[in-house]
Each structure stands twice: as C-alpha cells, then as structure tokens.
file work.cif (mmCIF, C-alpha atoms and all ligand atoms)
data_model
#
loop_
_atom_site.label_atom_id
_atom_site.label_comp_id
_atom_site.auth_asym_id
_atom_site.auth_seq_id
_atom_site.Cartn_x
_atom_site.Cartn_y
_atom_site.Cartn_z
CA MET A 1 25.98 51.18 -24.26
CA VAL A 2 27.36 49.57 -27.36
CA GLN A 3 28.22 52.07 -30.09
CA ILE A 4 26.19 51.22 -33.21
CA GLU A 5 27.23 52.82 -36.53
CA SER A 6 25.17 52.63 -39.69
CA ALA A 7 26.91 50.74 -42.52
CA ARG A 8 24.01 50.07 -44.86
CA ILE A 9 24.41 47.16 -47.29
CA GLN A 10 25.43 48.17 -50.81
CA SER A 11 24.52 44.91 -52.57
CA ASP A 12 21.24 43.04 -53.14
CA SER A 13 22.48 40.04 -51.09
CA TYR A 14 19.56 40.00 -48.67
CA GLY A 15 15.83 39.29 -48.67
CA ALA A 16 12.49 40.37 -47.22
CA ARG A 17 11.46 38.88 -43.88
CA THR A 18 8.38 36.64 -43.99
CA GLN A 19 8.90 34.59 -40.78
CA LYS A 20 9.10 35.60 -37.14
CA VAL A 21 12.64 36.00 -35.79
CA ASP A 22 13.32 33.53 -32.97
CA THR A 23 17.04 32.77 -33.29
CA LEU A 24 20.31 34.70 -32.94
CA VAL A 25 23.32 33.26 -34.76
CA LEU A 26 26.86 34.35 -33.88
CA HIS A 27 29.83 33.98 -36.24
CA TYR A 28 33.43 35.02 -36.63
CA THR A 29 34.39 36.61 -39.93
CA ALA A 30 37.93 35.18 -40.41
CA LEU A 31 38.75 38.61 -41.88
CA ASP A 32 39.92 41.95 -40.51
CA ILE A 33 37.38 44.74 -40.00
CA GLU A 34 37.90 46.43 -43.39
CA SER A 35 37.62 43.16 -45.34
CA SER A 36 34.67 42.01 -43.19
CA LEU A 37 32.70 45.16 -43.98
CA ARG A 38 33.64 44.99 -47.66
CA VAL A 39 32.53 41.37 -48.05
CA LEU A 40 29.35 41.67 -45.97
CA ARG A 41 28.22 44.95 -47.56
CA TYR A 42 29.26 44.47 -51.17
CA ARG A 43 29.47 40.74 -51.94
CA GLY A 44 27.20 37.69 -52.03
CA VAL A 45 26.80 37.28 -48.26
CA SER A 46 25.53 39.59 -45.53
CA ALA A 47 24.75 39.96 -41.82
CA HIS A 48 22.77 42.30 -39.63
CA TYR A 49 25.81 43.47 -37.68
CA VAL A 50 29.60 43.34 -37.88
CA LEU A 51 31.27 43.73 -34.49
CA ALA A 52 34.79 45.18 -34.59
CA PRO A 53 37.52 44.20 -32.11
CA ASP A 54 37.22 47.62 -30.41
CA GLY A 55 33.52 46.94 -29.72
CA VAL A 56 31.97 49.20 -32.37
CA ALA A 57 28.99 47.48 -34.05
CA TYR A 58 28.31 48.26 -37.71
CA LYS A 59 24.65 47.83 -38.63
CA ILE A 60 24.26 46.52 -42.18
CA LEU A 61 20.65 45.34 -42.31
CA ASN A 62 17.40 45.90 -40.39
CA ASN A 63 15.52 43.27 -38.39
CA ASP A 64 12.83 43.02 -41.09
CA GLU A 65 15.42 42.05 -43.69
CA VAL A 66 16.87 38.53 -44.08
CA ALA A 67 20.66 38.43 -44.04
CA TRP A 68 22.53 35.71 -45.91
CA HIS A 69 24.78 34.49 -43.10
CA ALA A 70 24.01 30.88 -42.13
CA GLY A 71 23.60 29.14 -45.51
CA VAL A 72 22.58 25.47 -45.40
CA SER A 73 21.50 25.10 -41.80
CA MET A 74 19.00 23.54 -39.45
CA TRP A 75 17.77 24.37 -35.96
CA ARG A 76 14.84 22.99 -33.97
CA GLY A 77 13.78 20.82 -36.89
CA LYS A 78 13.57 23.65 -39.41
CA LYS A 79 15.90 24.12 -42.36
CA LEU A 80 17.40 27.41 -43.53
CA VAL A 81 17.87 29.42 -40.38
CA ASN A 82 18.41 32.76 -42.17
CA GLY A 83 14.68 33.38 -42.59
CA ARG A 84 14.07 33.49 -38.84
CA SER A 85 17.37 34.68 -37.43
CA ILE A 86 19.51 37.72 -36.80
CA GLY A 87 23.15 37.22 -37.81
CA VAL A 88 26.07 38.87 -36.03
CA GLU A 89 29.51 38.58 -37.59
CA ILE A 90 32.26 39.13 -35.02
CA VAL A 91 35.64 40.19 -36.35
CA ASN A 92 38.17 37.53 -35.38
CA LEU A 93 40.63 35.87 -37.77
CA ASP A 94 40.13 32.44 -36.15
CA GLY A 95 38.02 32.01 -33.04
CA ASN A 96 39.38 28.48 -32.66
CA LYS A 97 42.88 29.94 -32.12
CA ASN A 98 42.54 33.60 -31.14
CA ASP A 99 40.84 35.04 -28.09
CA TYR A 100 38.01 37.55 -28.30
CA PRO A 101 39.16 40.88 -26.80
CA GLN A 102 37.42 42.05 -23.64
CA ALA A 103 36.07 45.27 -25.23
CA GLN A 104 34.53 43.24 -28.04
CA VAL A 105 32.91 40.74 -25.65
CA ALA A 106 31.49 43.51 -23.44
CA ALA A 107 30.02 45.20 -26.52
CA LEU A 108 28.67 41.87 -27.79
CA VAL A 109 26.73 41.29 -24.58
CA GLU A 110 25.11 44.72 -24.97
CA LEU A 111 24.48 44.20 -28.70
CA CYS A 112 22.79 40.83 -28.01
CA ARG A 113 20.60 42.51 -25.39
CA VAL A 114 19.56 45.15 -27.95
CA ILE A 115 18.79 42.46 -30.54
CA ILE A 116 16.79 40.35 -28.07
CA SER A 117 14.83 43.37 -26.83
CA GLU A 118 13.92 44.21 -30.45
CA ASN A 119 13.12 40.56 -31.27
CA PRO A 120 11.53 39.22 -28.08
CA SER A 121 10.83 35.74 -29.54
CA ILE A 122 14.58 35.01 -29.39
CA THR A 123 14.91 32.76 -26.34
CA ASN A 124 18.19 32.07 -24.56
CA ALA A 125 18.01 28.50 -25.90
CA ASN A 126 18.09 29.98 -29.41
CA VAL A 127 21.25 32.06 -28.99
CA VAL A 128 23.60 29.86 -30.97
CA GLY A 129 26.73 29.70 -33.09
CA HIS A 130 27.02 29.04 -36.80
CA SER A 131 28.57 25.67 -35.89
CA ASP A 132 25.44 24.77 -33.89
CA VAL A 133 23.15 25.25 -36.91
CA ALA A 134 25.57 23.94 -39.57
CA PRO A 135 27.47 21.09 -37.87
CA LYS A 136 30.60 19.78 -39.64
CA ARG A 137 30.31 22.46 -42.37
CA LYS A 138 31.08 25.38 -40.02
CA VAL A 139 33.27 25.82 -36.90
CA ASP A 140 32.54 29.44 -35.99
CA PRO A 141 32.44 31.27 -33.58
CA GLY A 142 34.99 28.72 -32.33
CA LYS A 143 36.47 27.17 -29.22
CA ASN A 144 37.59 30.50 -27.78
CA PHE A 145 34.19 32.12 -27.94
CA PRO A 146 33.13 32.99 -24.35
CA TRP A 147 29.72 31.30 -24.30
CA LYS A 148 29.74 30.80 -20.51
CA LEU A 149 30.61 34.43 -19.88
CA LEU A 150 27.69 35.49 -22.09
CA ALA A 151 25.31 33.11 -20.34
CA ASP A 152 26.47 34.40 -16.93
CA GLN A 153 25.29 37.82 -18.13
CA GLY A 154 21.93 36.53 -19.27
CA VAL A 155 22.66 35.93 -22.97
CA GLY A 156 22.30 32.28 -24.02
CA LEU A 157 22.12 29.16 -21.87
CA TRP A 158 24.79 27.42 -19.85
CA PRO A 159 23.84 23.94 -18.60
CA LYS A 160 24.08 22.67 -15.06
CA LEU A 161 25.69 19.23 -15.01
CA SER A 162 23.24 16.35 -14.65
CA SER A 163 24.06 13.65 -12.12
CA THR A 164 24.25 10.81 -14.63
CA THR A 165 27.09 8.32 -14.28
CA GLN A 166 26.58 6.70 -17.67
CA ILE A 167 27.43 7.67 -21.22
CA GLY A 168 24.33 7.09 -23.36
CA SER A 169 24.04 5.20 -26.62
CA ASP A 170 24.34 7.02 -29.94
CA SER A 171 20.57 7.08 -30.32
CA GLN A 172 20.10 8.45 -26.78
CA ILE A 173 22.71 11.13 -27.49
CA GLN A 174 21.05 12.02 -30.79
CA ALA A 175 17.65 12.34 -29.10
CA LEU A 176 19.12 14.67 -26.45
CA LEU A 177 20.86 16.75 -29.12
CA GLU A 178 17.56 17.20 -30.98
CA GLN A 179 15.85 18.15 -27.70
CA CYS A 180 18.43 20.95 -27.43
CA GLY A 181 17.68 22.12 -31.00
CA TYR A 182 20.41 20.37 -32.99
CA ALA A 183 19.75 18.74 -36.36
CA LYS A 184 18.99 15.12 -36.98
CA PRO A 185 21.62 13.26 -39.05
CA HIS A 186 21.61 14.58 -42.62
CA GLY A 187 23.98 15.49 -45.41
CA TYR A 188 24.88 18.46 -47.56
CA GLY A 189 26.19 18.77 -51.07
CA LYS A 190 26.46 21.18 -53.98
CA LYS A 191 23.89 21.87 -56.63
CA GLY A 192 25.66 24.12 -59.10
CA GLU A 193 27.36 26.79 -57.01
CA ALA A 194 25.02 26.51 -54.02
CA TYR A 195 25.14 24.23 -51.01
CA VAL A 196 21.96 22.26 -50.39
CA MET A 197 20.87 20.06 -47.48
CA VAL A 198 20.26 16.39 -48.20
CA ASP A 199 17.90 14.41 -45.97
CA ASP A 200 19.58 11.06 -46.67
CA PRO A 201 23.19 11.35 -47.85
CA ALA A 202 23.01 7.79 -49.27
CA PHE A 203 20.30 8.91 -51.71
CA PRO A 204 20.99 12.51 -52.75
CA PRO A 205 18.51 14.14 -55.15
CA PRO A 206 19.53 14.34 -58.83
CA GLY A 207 22.13 16.99 -59.61
CA VAL A 208 23.57 17.17 -56.09
CA THR A 209 27.29 16.36 -55.99
CA GLY A 210 30.05 16.08 -53.38
CA VAL A 211 27.64 14.93 -50.68
CA VAL A 212 29.03 15.02 -47.13
CA ALA A 213 27.25 12.96 -44.45
CA VAL A 214 26.65 14.65 -41.07
CA GLY A 215 26.12 12.07 -38.34
CA THR A 216 25.57 12.08 -34.60
CA LYS A 217 29.34 12.29 -33.98
CA ASP A 218 29.56 15.49 -36.05
CA ILE A 219 26.53 17.00 -34.35
CA LEU A 220 27.90 16.08 -30.91
CA LYS A 221 31.19 17.75 -31.88
CA ALA A 222 29.24 20.95 -32.61
CA PHE A 223 27.67 20.68 -29.14
CA GLN A 224 31.13 20.21 -27.61
CA LEU A 225 32.54 23.21 -29.53
CA HIS A 226 29.92 25.30 -27.73
CA TYR A 227 29.73 23.71 -24.27
CA GLN A 228 32.88 21.64 -23.85
CA PRO A 229 35.51 23.13 -26.19
CA SER A 230 38.40 21.33 -24.47
CA SER A 231 36.91 18.01 -25.66
CA ALA A 232 35.52 18.90 -29.09
CA THR A 233 36.17 15.49 -30.61
CA GLY A 234 32.69 14.12 -31.31
CA THR A 235 33.34 11.36 -28.79
CA PRO A 236 31.37 11.76 -25.57
CA ASN A 237 32.92 11.52 -22.12
CA LEU A 238 30.99 11.60 -18.87
CA THR A 239 31.13 15.40 -18.66
CA THR A 240 29.72 15.65 -22.22
CA MET A 241 26.83 13.49 -21.14
CA GLN A 242 26.22 15.54 -17.99
CA LEU A 243 26.32 18.81 -19.97
CA LEU A 244 24.03 17.43 -22.67
CA GLU A 245 21.45 16.16 -20.19
CA GLY A 246 21.74 19.46 -18.32
CA LEU A 247 21.11 21.49 -21.46
CA ALA A 248 18.17 19.30 -22.48
CA ALA A 249 16.65 19.83 -19.02
CA ALA A 250 17.04 23.61 -19.39
CA GLN A 251 15.02 23.80 -22.64
ZN ZN A 301 29.64 31.80 -39.90
#

call {"tool": "encode", "arguments": {"input": "work.cif", "output": "structure tokens"}}
result
Amino acid sequence: MVQIESARIQSDSYGARTQKVDTLVLHYTALDIESSLRVLRYRGVSAHYVLAPDGVAYKILNNDEVAWHAGVSMWRGKKLVNGRSIGVEIVNLDGNKNDYPQAQVAALVELCRVIISENPSITNANVVGHSDVAPKRKVDPGKNFPWKLLADQGVGLWPKLSSTTQIGSDSQIQALLEQCGYAKPHGYGKKGEAYVMVDDPAFPPPGVTGVVAVGTKDILKAFQLHYQPSSATGTPNLTTMQLLEGLAAAQ
C-alpha cells in the first residue's frame, strides 16, 4: 500500500466543497519535495496530495475541501474544475524532460485507487492531467507521464485505435475532442492578479487584459500530450485521428 503521511495545510488557500467530486487531476510540481510542500501548504495554491519521488504521499487536504490546483480550467463543458476534483501534485522538476521514477509511479497507481474508492463518481474518463483541463496554459504532468501504464493498471483510459484512414476536418476534430471532455475553443486573460476564462477571445469582458486565444490546435496538442506525446504538435496525423476516435468511442 502507498504510504500516506499527514501534512495538513497551514494556509487558508482552500475552500469548502459544494459539488460532487467526479474528476481527478494530476500535475507535476516543477519543484523539489521540500519546496513543493512549502508552496502547497503555506502559499496561495494547494492540492489534496503531494507525491514524493520515493512514493510517499503527503495528504494536505480532505476530500470535502476544495484545493486550489487547476485554476482557470474546463472539463466536460464545465468551467473551474477545482470545485469537483481531487488534485494530486507529483514531485518532478519537469515531466516533459524527466522520467517519473518507478517507485513514484507504483505509489501513484495505489494513491489513485484510494482516491477513486473514496470518490466513486470519478470515472476512468475523468482521470486527467492539468494540461487536459487547461490547454495551452499548462503542460503538466508532461510528455513523460506514464498514462498508458496507469491505464493498463485500471487507472484512466487508454484508447484502442479506430480503423479510420482519414484525418478529419478541424470541426470534426473539435467535436471529437469535446466528446472526450476537452474544452471548446475559448480564451483566457488576466483580471487584476487572477486568470479568468474568456468565452470569445475577440470580445473579452471589460477589465480583462493579455487575452490568449485557445483554439482547436491548442486543444488537440493537449490531447496529444496525453495520448500521443511523440507528436504533441497540435497538427493531427493519422494515428492522432485513430486515437481520438478510439477515445471518443470509449466514453
Ligand atoms: Zn498543474
């Protein structure tokens, strides 16, 4: 079993749960274990668990508390994923460059099983990365995250390839992405210090600055980071299309 140590939050950077938990969001911290625990326990962000490289899980918040881990985000047509998700921060300085150690991955599988058993509305289709729920803005847990290995052990989905021989149009790809849970095209910007989501980046609400548009290409790149990391370009090839159709069929 995964070793879980209590590391109760020491800040007020969390909220009370008012929605049912149906999503599990995985991240990498980009910090070492000491800094990860310091930031997530004492600063303006938080998570339910921090998972150290040696496989020890530090529990910061309870299931009935909302951690501030995903920020501006969208999944299955709903904005602000924090309210209905559990957030796990995995210690890795850069999951797009560095591997995840075996002990950490083995512990993560067990930790995810614990989380899912305690929050049974979390489906395998809703075990996702930060990059899945915040495309373009976030790239964690990264290309080296072992999504297939997790799915092989029953945590998350891994698609079977469809038999298509054609790459779809942008609108077909966007429709498939949304079927899998990904956001529709949108934007995000800053209002004061906080990021906010913008429905139409061409017409941001008053007071929102630095608006970044997130289009189908960006959302497809998030899909590729998860399911086809060797081709995470935002441009589909035939395998992308087969994976995307396969994932949509598995929903
Ligand atoms: Zn993250």

call {"tool": "residues_near_ligand", "arguments": {"input": "work.cif", "ligand": "ligand ZN 301 (chain A)", "cutoff": "10 Å", "atoms": "all atoms listed in the file", "output": "PyMOL selection string"}}
result
chain A and resi 25-30+47+69-71+87-90+129-131+133-134+137-142

call {"tool": "closest_residue", "arguments": {"input": "work.cif", "among": "A:Glu178, A:Lys78, A:Lys143, A:Leu51", "to": "Ser231 of chain A", "atoms": "only C-alpha atoms"}}
result
A:Lys143

call {"tool": "residues_around", "arguments": {"input": "work.cif", "residues": "segment 98-109 of chain A", "least_positions_apart": "5", "cutoff": "6 Å", "atoms": "all atoms listed in the file", "output": "list of chain:residue names"}}
result
A:Val2, A:Pro53, A:Asp54, A:Gly55, A:Asn144

call {"tool": "atom_distance", "arguments": {"input": "work.cif", "atom1": "atom CA of Pro236 of chain A", "atom2": "atom CA of Leu80 of chain A"}}
result
27.6 Å

call {"tool": "residues_near_point", "arguments": {"input": "work.cif", "point": "(22.9, 23.2, -35.2)", "cutoff": "6 Å", "atoms": "only C-alpha atoms", "output": "PyMOL selection string"}}
result
chain A and resi 74-75+132-135+182-183

call {"tool": "build_atoms", "arguments": {"input": "work.cif", "residues": "segment 24-35 of chain A", "atoms": "N, CA, C and O atoms", "output": "PDB file, keeping the file's coordinate frame"}}
result
ATOM      1  N   LEU A  24      19.165  33.791 -32.753  1.00  0.00           N
ATOM      2  CA  LEU A  24      20.310  34.700 -32.940  1.00  0.00           C
ATOM      3  C   LEU A  24      21.530  33.834 -33.217  1.00  0.00           C
ATOM      4  O   LEU A  24      21.858  32.942 -32.430  1.00  0.00           O
ATOM      5  N   VAL A  25      22.173  34.066 -34.351  1.00  0.00           N
ATOM      6  CA  VAL A  25      23.320  33.260 -34.760  1.00  0.00           C
ATOM      7  C   VAL A  25      24.589  34.116 -34.745  1.00  0.00           C
ATOM      8  O   VAL A  25      24.640  35.177 -35.380  1.00  0.00           O
ATOM      9  N   LEU A  26      25.594  33.625 -34.012  1.00  0.00           N
ATOM     10  CA  LEU A  26      26.860  34.350 -33.880  1.00  0.00           C
ATOM     11  C   LEU A  26      27.945  33.655 -34.710  1.00  0.00           C
ATOM     12  O   LEU A  26      28.019  32.421 -34.749  1.00  0.00           O
ATOM     13  N   HIS A  27      28.776  34.472 -35.344  1.00  0.00           N
ATOM     14  CA  HIS A  27      29.830  33.980 -36.240  1.00  0.00           C
ATOM     15  C   HIS A  27      31.144  34.701 -35.937  1.00  0.00           C
ATOM     16  O   HIS A  27      31.136  35.769 -35.340  1.00  0.00           O
ATOM     17  N   TYR A  28      32.254  34.162 -36.442  1.00  0.00           N
ATOM     18  CA  TYR A  28      33.430  35.020 -36.630  1.00  0.00           C
ATOM     19  C   TYR A  28      33.687  35.151 -38.120  1.00  0.00           C
ATOM     20  O   TYR A  28      33.354  34.258 -38.904  1.00  0.00           O
ATOM     21  N   THR A  29      34.287  36.283 -38.499  1.00  0.00           N
ATOM     22  CA  THR A  29      34.390  36.610 -39.930  1.00  0.00           C
ATOM     23  C   THR A  29      35.595  35.970 -40.603  1.00  0.00           C
ATOM     24  O   THR A  29      35.597  35.809 -41.820  1.00  0.00           O
ATOM     25  N   ALA A  30      36.655  35.648 -39.849  1.00  0.00           N
ATOM     26  CA  ALA A  30      37.930  35.180 -40.410  1.00  0.00           C
ATOM     27  C   ALA A  30      38.583  36.235 -41.304  1.00  0.00           C
ATOM     28  O   ALA A  30      39.419  35.909 -42.143  1.00  0.00           O
ATOM     29  N   LEU A  31      38.192  37.492 -41.107  1.00  0.00           N
ATOM     30  CA  LEU A  31      38.750  38.610 -41.880  1.00  0.00           C
ATOM     31  C   LEU A  31      38.937  39.794 -40.938  1.00  0.00           C
ATOM     32  O   LEU A  31      38.296  39.847 -39.894  1.00  0.00           O
ATOM     33  N   ASP A  32      39.783  40.737 -41.326  1.00  0.00           N
ATOM     34  CA  ASP A  32      39.920  41.950 -40.510  1.00  0.00           C
ATOM     35  C   ASP A  32      38.681  42.837 -40.717  1.00  0.00           C
ATOM     36  O   ASP A  32      37.805  42.527 -41.542  1.00  0.00           O
ATOM     37  N   ILE A  33      38.609  43.942 -39.972  1.00  0.00           N
ATOM     38  CA  ILE A  33      37.380  44.740 -40.000  1.00  0.00           C
ATOM     39  C   ILE A  33      37.113  45.316 -41.397  1.00  0.00           C
ATOM     40  O   ILE A  33      35.967  45.270 -41.882  1.00  0.00           O
ATOM     41  N   GLU A  34      38.135  45.825 -42.076  1.00  0.00           N
ATOM     42  CA  GLU A  34      37.900  46.430 -43.390  1.00  0.00           C
ATOM     43  C   GLU A  34      37.375  45.379 -44.376  1.00  0.00           C
ATOM     44  O   GLU A  34      36.397  45.599 -45.093  1.00  0.00           O
ATOM     45  N   SER A  35      38.040  44.214 -44.406  1.00  0.00           N
ATOM     46  CA  SER A  35      37.620  43.160 -45.340  1.00  0.00           C
ATOM     47  C   SER A  35      36.243  42.624 -44.951  1.00  0.00           C
ATOM     48  O   SER A  35      35.423  42.303 -45.819  1.00  0.00           O
TER      49      SER A  35
END
